[in-house]
Amino acid sequence: MSPSPGMLITLEGIEGAGKSTVARRVCAWLGRHAIQATLTREPGGTALAERVRQIVLERGQERLSAVTETLLMFAARGIHVENLIRPALERGEWIVCDRFTDATRAYQGGGRGVDPRLIESLAAHVQGGVQPHCTLLLDLPVPMGLERARSRQAGAADRIEAETQAFFERVRGAYLELARREPQRIHVIDASVPLEAVARQVEAVLERLPFPGRSGSGIGGPMGGETA
Ligand code: T5A
């Protein structure tokens, strides 16, 4: 018997949008509906990919061009897809991933101006057909996101967090354009409202997902219950 198809749910948005917080809640909500999803993140998600994350995000002496940054994001993604995401999907498991290729489209493409043809070519080679089934784009004004990110930040800003507001405005614009082009997959969530109101919007999207034994008609139940 072939395994039931796995599901890849990704969370996207600018810094401080609430992705990590909401990703934990999504996993908890799925768990209450008998789906044990694996929570992971990019760049990173496996021991080796986390090492690439450190290289790409740390603020060192040497310059990283926008193209080199893009290559490193895809190097980390290749490791992550091969070692964690694809095997899990093939086993019929669910993955909740804090950022994926839309982040490269938005940050390196929209923010840094990297040629989208390079990004799509790398995506095709690296992902080998692995695509998110559902993406939650947590959208909020840039100053609000940056303020939230700063308020919870322990150490110094990393190489990308240290970017200008204009950079993050371009990233946000690129994300919204992606959502406009792929409305079936990318669901825009208003992340400027209190967490419980964000959770209700996310729950409405999750309820429409095709759960095992169901054909997408969805299931009900509150999403709350896990503290941020
Ligand atoms: N990157 C990544 C690329 O450039 N290209 C790529 O291809 C990829 C994959 C690392 C960096 O890498 C870049 C983008 C990033 O710069 P990351 O680890 O996801 O990515 O780092 P950040 O986005 O910086 O993660 P943050 O932690 O800043 O943002 P989150 O996860 O969106 O926010 P979260 O959940 O930590 O929440 C931040 C604070 O806000 C509060 C939370 O409690 C927390 O204190 N909060 C709310 N407060 C009020 N109301 C709400 N609705 C709230 N939601 C959360």
# chains A, B, ... in the order shown; residues from 1 in each chain; ligands from 1

call {"tool": "residues_around", "arguments": {"residues": "Lys19 (chain A)", "least_positions_apart": "5", "cutoff": "7 Å", "atoms": "only C-alpha atoms", "output": "list in words"}}
result
Leu11, Glu12, Asp98 and Leu138 of chain A

call {"tool": "residues_around", "arguments": {"residues": "region 189-201 of chain A", "least_positions_apart": "3", "cutoff": "6 Å", "atoms": "only C-alpha atoms", "output": "PyMOL selection string"}}
result
chain A and resi 137-140+204

call {"tool": "write_last_selection", "arguments": {"atoms": "N, CA and C atoms", "output": "mmCIF file, in the first residue's frame"}}
result
data_model
loop_
_atom_site.group_PDB
_atom_site.id
_atom_site.type_symbol
_atom_site.label_atom_id
_atom_site.label_comp_id
_atom_site.auth_asym_id
_atom_site.auth_seq_id
_atom_site.Cartn_x
_atom_site.Cartn_y
_atom_site.Cartn_z
ATOM 1 N N LEU A 137 1.405 33.422 4.652
ATOM 2 C CA LEU A 137 2.222 34.639 4.584
ATOM 3 C C LEU A 137 1.731 35.604 5.661
ATOM 4 N N LEU A 138 2.525 35.750 6.721
ATOM 5 C CA LEU A 138 2.158 36.648 7.819
ATOM 6 C C LEU A 138 2.583 38.060 7.425
ATOM 7 N N ASP A 139 1.598 38.893 7.170
ATOM 8 C CA ASP A 139 1.883 40.234 6.638
ATOM 9 C C ASP A 139 1.594 41.306 7.681
ATOM 10 N N LEU A 140 2.512 42.230 7.795
ATOM 11 C CA LEU A 140 2.308 43.377 8.699
ATOM 12 C C LEU A 140 3.215 44.512 8.259
ATOM 13 N N ALA A 204 -8.566 29.055 10.032
ATOM 14 C CA ALA A 204 -9.530 29.003 8.921
ATOM 15 C C ALA A 204 -8.878 28.426 7.668
#

call {"tool": "residues_near_ligand", "arguments": {"ligand": "ligand 1", "cutoff": "6 Å", "atoms": "only C-alpha atoms and all ligand atoms", "output": "JSON, numbers by chain"}}
result
{"A": [14, 15, 16, 17, 18, 19, 20, 21, 42, 43, 73, 99, 100, 101, 103, 104, 107, 108, 148, 149, 152, 160, 161, 191, 192, 193, 194, 195, 198, 228]}

call {"tool": "write_last_selection", "arguments": {"atoms": "N, CA and C atoms", "output": "short mmCIF file (atom, residue, chain, number, x, y, z; two decimals), in the first residue's frame"}}
result
data_model
loop_
_atom_site.label_atom_id
_atom_site.label_comp_id
_atom_site.auth_asym_id
_atom_site.auth_seq_id
_atom_site.Cartn_x
_atom_site.Cartn_y
_atom_site.Cartn_z
N ILE A 14 8.14 38.97 6.81
CA ILE A 14 9.34 39.74 7.18
C ILE A 14 9.74 39.41 8.62
N GLU A 15 10.84 39.97 9.07
CA GLU A 15 11.31 39.77 10.45
C GLU A 15 10.21 40.18 11.42
N GLY A 16 10.06 39.40 12.48
CA GLY A 16 9.12 39.76 13.54
C GLY A 16 7.66 39.61 13.19
N ALA A 17 7.36 38.95 12.06
CA ALA A 17 5.95 38.80 11.66
C ALA A 17 5.21 37.81 12.57
N GLY A 18 5.98 36.95 13.25
CA GLY A 18 5.35 35.97 14.14
C GLY A 18 5.41 34.55 13.60
N LYS A 19 6.26 34.30 12.62
CA LYS A 19 6.31 32.98 11.97
C LYS A 19 6.62 31.86 12.96
N SER A 20 7.67 32.07 13.77
CA SER A 20 8.07 30.99 14.69
C SER A 20 6.96 30.71 15.70
N THR A 21 6.35 31.77 16.20
CA THR A 21 5.26 31.64 17.17
C THR A 21 4.10 30.88 16.54
N GLU A 42 14.22 27.24 7.87
CA GLU A 42 15.26 27.55 6.90
C GLU A 42 15.76 28.97 7.11
N PRO A 43 17.04 29.27 6.80
CA PRO A 43 18.02 28.25 6.47
C PRO A 43 18.31 27.40 7.69
N MET A 73 21.82 30.00 0.48
CA MET A 73 20.45 29.66 0.89
C MET A 73 20.02 28.35 0.22
N ARG A 99 9.86 29.33 6.91
CA ARG A 99 10.52 29.84 5.69
C ARG A 99 10.91 28.71 4.75
N PHE A 100 10.83 29.03 3.44
CA PHE A 100 11.28 28.12 2.38
C PHE A 100 11.64 28.99 1.17
N THR A 101 11.44 28.51 -0.04
CA THR A 101 11.96 29.21 -1.22
C THR A 101 11.32 30.58 -1.45
N ALA A 103 11.07 32.75 0.65
CA ALA A 103 11.95 33.70 1.34
C ALA A 103 13.09 34.12 0.42
N THR A 104 13.61 33.18 -0.37
CA THR A 104 14.67 33.54 -1.32
C THR A 104 14.12 34.47 -2.40
N TYR A 107 13.55 37.90 -0.33
CA TYR A 107 14.74 38.57 0.23
C TYR A 107 15.83 38.76 -0.83
N GLN A 108 16.23 37.65 -1.47
CA GLN A 108 17.32 37.80 -2.44
C GLN A 108 16.79 38.38 -3.76
N ARG A 148 8.91 44.39 16.78
CA ARG A 148 8.72 43.09 17.47
C ARG A 148 10.01 42.29 17.47
N ALA A 149 10.69 42.27 16.32
CA ALA A 149 11.94 41.49 16.24
C ALA A 149 12.97 42.05 17.21
N ARG A 152 12.39 41.16 21.00
CA ARG A 152 12.68 39.80 21.49
C ARG A 152 14.13 39.38 21.18
N ILE A 160 21.28 39.94 7.91
CA ILE A 160 20.08 40.36 7.19
C ILE A 160 19.20 41.25 8.08
N GLU A 161 19.11 40.90 9.37
CA GLU A 161 18.33 41.74 10.29
C GLU A 161 18.86 43.17 10.34
N ALA A 191 -1.04 39.90 10.17
CA ALA A 191 -0.27 39.60 11.38
C ALA A 191 -0.10 40.82 12.27
N SER A 192 -0.80 41.92 11.94
CA SER A 192 -0.65 43.14 12.75
C SER A 192 -1.58 43.12 13.96
N VAL A 193 -2.46 42.12 14.00
CA VAL A 193 -3.47 42.05 15.06
C VAL A 193 -2.97 41.14 16.19
N PRO A 194 -3.64 41.14 17.36
CA PRO A 194 -3.18 40.28 18.46
C PRO A 194 -3.12 38.80 18.05
N LEU A 195 -2.25 38.08 18.75
CA LEU A 195 -1.95 36.70 18.37
C LEU A 195 -3.20 35.82 18.24
N VAL A 198 -4.69 36.42 14.94
CA VAL A 198 -3.86 35.79 13.90
C VAL A 198 -4.19 34.30 13.86
N ALA A 228 2.58 31.61 23.44
CA ALA A 228 3.62 32.07 22.51
C ALA A 228 4.99 32.00 23.16
#

call {"tool": "select_by_dssp", "arguments": {"residues": "region 14-218 of chain A", "states": "alpha helix (DSSP H)", "output": "number ranges by chain"}}
result
A: 19-32, 47-57, 66-80, 86-90, 101-103, 116-127, 142-152, 165-181, 195-206

call {"tool": "select_by_dssp", "arguments": {"residues": "chain A", "states": "strand (DSSP E)", "output": "ChimeraX atom specification"}}
result
/A:7-12,38-41,94-98,134-139,186-190

call {"tool": "decode", "arguments": {"residues": "region 55-209 of chain A", "atoms": "C-alpha atoms", "output": "PDB file, in the first residue's frame"}}
result
ATOM      1  CA  ILE A  55      27.847  31.074   7.567  1.00  0.00           C
ATOM      2  CA  VAL A  56      25.157  33.009   5.710  1.00  0.00           C
ATOM      3  CA  LEU A  57      23.724  34.951   8.666  1.00  0.00           C
ATOM      4  CA  GLU A  58      26.750  35.803  10.799  1.00  0.00           C
ATOM      5  CA  ARG A  59      28.242  39.266  10.371  1.00  0.00           C
ATOM      6  CA  GLY A  60      31.856  38.607   9.451  1.00  0.00           C
ATOM      7  CA  GLN A  61      34.638  40.574   7.805  1.00  0.00           C
ATOM      8  CA  GLU A  62      34.242  39.093   4.345  1.00  0.00           C
ATOM      9  CA  ARG A  63      31.694  40.295   1.811  1.00  0.00           C
ATOM     10  CA  LEU A  64      28.921  38.034   0.550  1.00  0.00           C
ATOM     11  CA  SER A  65      27.469  39.118  -2.779  1.00  0.00           C
ATOM     12  CA  ALA A  66      23.722  38.780  -3.341  1.00  0.00           C
ATOM     13  CA  VAL A  67      24.332  35.848  -5.681  1.00  0.00           C
ATOM     14  CA  THR A  68      26.632  34.113  -3.175  1.00  0.00           C
ATOM     15  CA  GLU A  69      23.995  34.630  -0.476  1.00  0.00           C
ATOM     16  CA  THR A  70      21.437  33.044  -2.823  1.00  0.00           C
ATOM     17  CA  LEU A  71      23.711  30.060  -3.470  1.00  0.00           C
ATOM     18  CA  LEU A  72      24.213  29.533   0.257  1.00  0.00           C
ATOM     19  CA  MET A  73      20.449  29.657   0.888  1.00  0.00           C
ATOM     20  CA  PHE A  74      19.996  26.965  -1.750  1.00  0.00           C
ATOM     21  CA  ALA A  75      22.935  24.933  -0.426  1.00  0.00           C
ATOM     22  CA  ALA A  76      21.225  24.837   2.969  1.00  0.00           C
ATOM     23  CA  ARG A  77      17.893  24.059   1.286  1.00  0.00           C
ATOM     24  CA  GLY A  78      19.392  21.204  -0.733  1.00  0.00           C
ATOM     25  CA  ILE A  79      20.711  19.561   2.433  1.00  0.00           C
ATOM     26  CA  HIS A  80      17.392  20.132   4.206  1.00  0.00           C
ATOM     27  CA  VAL A  81      15.253  18.771   1.360  1.00  0.00           C
ATOM     28  CA  GLU A  82      17.389  15.677   0.788  1.00  0.00           C
ATOM     29  CA  ASN A  83      17.829  14.717   4.430  1.00  0.00           C
ATOM     30  CA  LEU A  84      14.619  15.771   6.115  1.00  0.00           C
ATOM     31  CA  ILE A  85      11.812  17.126   3.948  1.00  0.00           C
ATOM     32  CA  ARG A  86      11.694  14.691   1.025  1.00  0.00           C
ATOM     33  CA  PRO A  87      12.084  11.509   3.124  1.00  0.00           C
ATOM     34  CA  ALA A  88       9.349  12.710   5.487  1.00  0.00           C
ATOM     35  CA  LEU A  89       6.965  13.588   2.639  1.00  0.00           C
ATOM     36  CA  GLU A  90       7.636  10.202   1.030  1.00  0.00           C
ATOM     37  CA  ARG A  91       6.683   8.540   4.306  1.00  0.00           C
ATOM     38  CA  GLY A  92       3.411  10.470   4.167  1.00  0.00           C
ATOM     39  CA  GLU A  93       4.350  12.794   7.042  1.00  0.00           C
ATOM     40  CA  TRP A  94       3.531  16.469   7.510  1.00  0.00           C
ATOM     41  CA  ILE A  95       6.183  19.163   7.720  1.00  0.00           C
ATOM     42  CA  VAL A  96       5.733  22.711   9.044  1.00  0.00           C
ATOM     43  CA  CYS A  97       8.654  24.794   7.790  1.00  0.00           C
ATOM     44  CA  ASP A  98       9.520  28.293   9.062  1.00  0.00           C
ATOM     45  CA  ARG A  99      10.521  29.844   5.693  1.00  0.00           C
ATOM     46  CA  PHE A 100      11.278  28.117   2.379  1.00  0.00           C
ATOM     47  CA  THR A 101      11.964  29.211  -1.222  1.00  0.00           C
ATOM     48  CA  ASP A 102       9.504  32.118  -1.132  1.00  0.00           C
ATOM     49  CA  ALA A 103      11.952  33.700   1.340  1.00  0.00           C
ATOM     50  CA  THR A 104      14.673  33.537  -1.320  1.00  0.00           C
ATOM     51  CA  ARG A 105      12.276  35.028  -3.876  1.00  0.00           C
ATOM     52  CA  ALA A 106      11.384  37.847  -1.476  1.00  0.00           C
ATOM     53  CA  TYR A 107      14.741  38.572   0.232  1.00  0.00           C
ATOM     54  CA  GLN A 108      17.322  37.800  -2.440  1.00  0.00           C
ATOM     55  CA  GLY A 109      14.994  38.479  -5.403  1.00  0.00           C
ATOM     56  CA  GLY A 110      12.896  41.399  -4.127  1.00  0.00           C
ATOM     57  CA  GLY A 111      15.278  42.733  -1.489  1.00  0.00           C
ATOM     58  CA  ARG A 112      18.642  42.317  -3.211  1.00  0.00           C
ATOM     59  CA  GLY A 113      17.598  42.291  -6.878  1.00  0.00           C
ATOM     60  CA  VAL A 114      18.885  38.812  -7.765  1.00  0.00           C
ATOM     61  CA  ASP A 115      17.629  37.649 -11.171  1.00  0.00           C
ATOM     62  CA  PRO A 116      14.440  35.598 -10.649  1.00  0.00           C
ATOM     63  CA  ARG A 117      15.532  33.258 -13.443  1.00  0.00           C
ATOM     64  CA  LEU A 118      18.555  32.230 -11.375  1.00  0.00           C
ATOM     65  CA  ILE A 119      16.338  31.662  -8.331  1.00  0.00           C
ATOM     66  CA  GLU A 120      13.803  29.560 -10.251  1.00  0.00           C
ATOM     67  CA  SER A 121      16.533  27.539 -11.937  1.00  0.00           C
ATOM     68  CA  LEU A 122      18.172  26.754  -8.587  1.00  0.00           C
ATOM     69  CA  ALA A 123      14.775  25.955  -7.081  1.00  0.00           C
ATOM     70  CA  ALA A 124      14.048  23.436  -9.843  1.00  0.00           C
ATOM     71  CA  HIS A 125      17.419  21.713  -9.438  1.00  0.00           C
ATOM     72  CA  VAL A 126      17.584  21.771  -5.644  1.00  0.00           C
ATOM     73  CA  GLN A 127      13.972  20.954  -4.781  1.00  0.00           C
ATOM     74  CA  GLY A 128      13.441  18.349  -7.488  1.00  0.00           C
ATOM     75  CA  GLY A 129       9.675  18.803  -7.403  1.00  0.00           C
ATOM     76  CA  VAL A 130       9.284  19.358  -3.655  1.00  0.00           C
ATOM     77  CA  GLN A 131       6.902  22.322  -3.317  1.00  0.00           C
ATOM     78  CA  PRO A 132       4.886  23.710  -0.422  1.00  0.00           C
ATOM     79  CA  HIS A 133       1.246  22.624  -0.512  1.00  0.00           C
ATOM     80  CA  CYS A 134       0.164  25.567   1.611  1.00  0.00           C
ATOM     81  CA  THR A 135       1.962  28.778   2.569  1.00  0.00           C
ATOM     82  CA  LEU A 136       0.899  31.155   5.333  1.00  0.00           C
ATOM     83  CA  LEU A 137       2.222  34.639   4.584  1.00  0.00           C
ATOM     84  CA  LEU A 138       2.158  36.648   7.819  1.00  0.00           C
ATOM     85  CA  ASP A 139       1.883  40.234   6.638  1.00  0.00           C
ATOM     86  CA  LEU A 140       2.308  43.377   8.699  1.00  0.00           C
ATOM     87  CA  PRO A 141       3.786  46.864   8.312  1.00  0.00           C
ATOM     88  CA  VAL A 142       7.594  46.814   8.296  1.00  0.00           C
ATOM     89  CA  PRO A 143       8.099  49.129  11.321  1.00  0.00           C
ATOM     90  CA  MET A 144       5.826  46.909  13.422  1.00  0.00           C
ATOM     91  CA  GLY A 145       7.706  43.749  12.430  1.00  0.00           C
ATOM     92  CA  LEU A 146      11.105  45.302  13.083  1.00  0.00           C
ATOM     93  CA  GLU A 147       9.931  46.567  16.461  1.00  0.00           C
ATOM     94  CA  ARG A 148       8.716  43.094  17.466  1.00  0.00           C
ATOM     95  CA  ALA A 149      11.936  41.492  16.237  1.00  0.00           C
ATOM     96  CA  ARG A 150      14.055  43.995  18.191  1.00  0.00           C
ATOM     97  CA  SER A 151      12.023  43.565  21.369  1.00  0.00           C
ATOM     98  CA  ARG A 152      12.676  39.804  21.490  1.00  0.00           C
ATOM     99  CA  GLN A 153      16.233  39.927  20.148  1.00  0.00           C
ATOM    100  CA  ALA A 154      18.832  38.615  22.601  1.00  0.00           C
ATOM    101  CA  GLY A 155      22.098  39.496  20.843  1.00  0.00           C
ATOM    102  CA  ALA A 156      23.208  41.725  17.984  1.00  0.00           C
ATOM    103  CA  ALA A 157      21.253  41.746  14.716  1.00  0.00           C
ATOM    104  CA  ASP A 158      22.472  39.217  12.126  1.00  0.00           C
ATOM    105  CA  ARG A 159      23.605  40.204   8.616  1.00  0.00           C
ATOM    106  CA  ILE A 160      20.078  40.364   7.190  1.00  0.00           C
ATOM    107  CA  GLU A 161      18.325  41.743  10.294  1.00  0.00           C
ATOM    108  CA  ALA A 162      20.753  44.670  10.105  1.00  0.00           C
ATOM    109  CA  GLU A 163      19.308  45.739   6.717  1.00  0.00           C
ATOM    110  CA  THR A 164      17.454  49.025   6.154  1.00  0.00           C
ATOM    111  CA  GLN A 165      13.710  49.621   6.360  1.00  0.00           C
ATOM    112  CA  ALA A 166      13.695  50.215   2.578  1.00  0.00           C
ATOM    113  CA  PHE A 167      15.125  46.710   2.093  1.00  0.00           C
ATOM    114  CA  PHE A 168      12.337  45.147   4.177  1.00  0.00           C
ATOM    115  CA  GLU A 169       9.713  47.208   2.313  1.00  0.00           C
ATOM    116  CA  ARG A 170      10.968  45.619  -0.918  1.00  0.00           C
ATOM    117  CA  VAL A 171      10.866  42.176   0.726  1.00  0.00           C
ATOM    118  CA  ARG A 172       7.292  42.732   1.907  1.00  0.00           C
ATOM    119  CA  GLY A 173       6.256  43.979  -1.548  1.00  0.00           C
ATOM    120  CA  ALA A 174       7.806  40.909  -3.181  1.00  0.00           C
ATOM    121  CA  TYR A 175       5.962  38.577  -0.804  1.00  0.00           C
ATOM    122  CA  LEU A 176       2.626  40.259  -1.533  1.00  0.00           C
ATOM    123  CA  GLU A 177       3.278  40.004  -5.262  1.00  0.00           C
ATOM    124  CA  LEU A 178       3.978  36.266  -4.886  1.00  0.00           C
ATOM    125  CA  ALA A 179       0.671  35.892  -3.031  1.00  0.00           C
ATOM    126  CA  ARG A 180      -1.144  37.804  -5.750  1.00  0.00           C
ATOM    127  CA  ARG A 181       0.273  35.391  -8.345  1.00  0.00           C
ATOM    128  CA  GLU A 182      -0.421  32.179  -6.387  1.00  0.00           C
ATOM    129  CA  PRO A 183      -3.581  32.797  -4.357  1.00  0.00           C
ATOM    130  CA  GLN A 184      -4.443  29.090  -4.178  1.00  0.00           C
ATOM    131  CA  ARG A 185      -1.231  28.286  -2.320  1.00  0.00           C
ATOM    132  CA  ILE A 186      -0.226  31.485  -0.537  1.00  0.00           C
ATOM    133  CA  HIS A 187      -2.667  32.710   2.088  1.00  0.00           C
ATOM    134  CA  VAL A 188      -2.121  36.262   3.328  1.00  0.00           C
ATOM    135  CA  ILE A 189      -2.678  36.519   7.082  1.00  0.00           C
ATOM    136  CA  ASP A 190      -3.024  39.923   8.759  1.00  0.00           C
ATOM    137  CA  ALA A 191      -0.270  39.595  11.379  1.00  0.00           C
ATOM    138  CA  SER A 192      -0.653  43.139  12.749  1.00  0.00           C
ATOM    139  CA  VAL A 193      -3.470  42.055  15.064  1.00  0.00           C
ATOM    140  CA  PRO A 194      -3.182  40.278  18.461  1.00  0.00           C
ATOM    141  CA  LEU A 195      -1.952  36.699  18.369  1.00  0.00           C
ATOM    142  CA  GLU A 196      -5.370  35.159  19.039  1.00  0.00           C
ATOM    143  CA  ALA A 197      -6.806  36.982  16.017  1.00  0.00           C
ATOM    144  CA  VAL A 198      -3.860  35.792  13.902  1.00  0.00           C
ATOM    145  CA  ALA A 199      -4.502  32.248  15.136  1.00  0.00           C
ATOM    146  CA  ARG A 200      -8.155  32.420  14.053  1.00  0.00           C
ATOM    147  CA  GLN A 201      -7.183  33.394  10.490  1.00  0.00           C
ATOM    148  CA  VAL A 202      -4.593  30.611  10.332  1.00  0.00           C
ATOM    149  CA  GLU A 203      -7.077  28.073  11.668  1.00  0.00           C
ATOM    150  CA  ALA A 204      -9.530  29.003   8.921  1.00  0.00           C
ATOM    151  CA  VAL A 205      -6.870  28.116   6.333  1.00  0.00           C
ATOM    152  CA  LEU A 206      -5.820  24.876   8.081  1.00  0.00           C
ATOM    153  CA  GLU A 207      -9.400  23.678   8.281  1.00  0.00           C
ATOM    154  CA  ARG A 208      -9.540  23.568   4.488  1.00  0.00           C
ATOM    155  CA  LEU A 209      -6.488  21.310   4.130  1.00  0.00           C
TER     156      LEU A 209
END
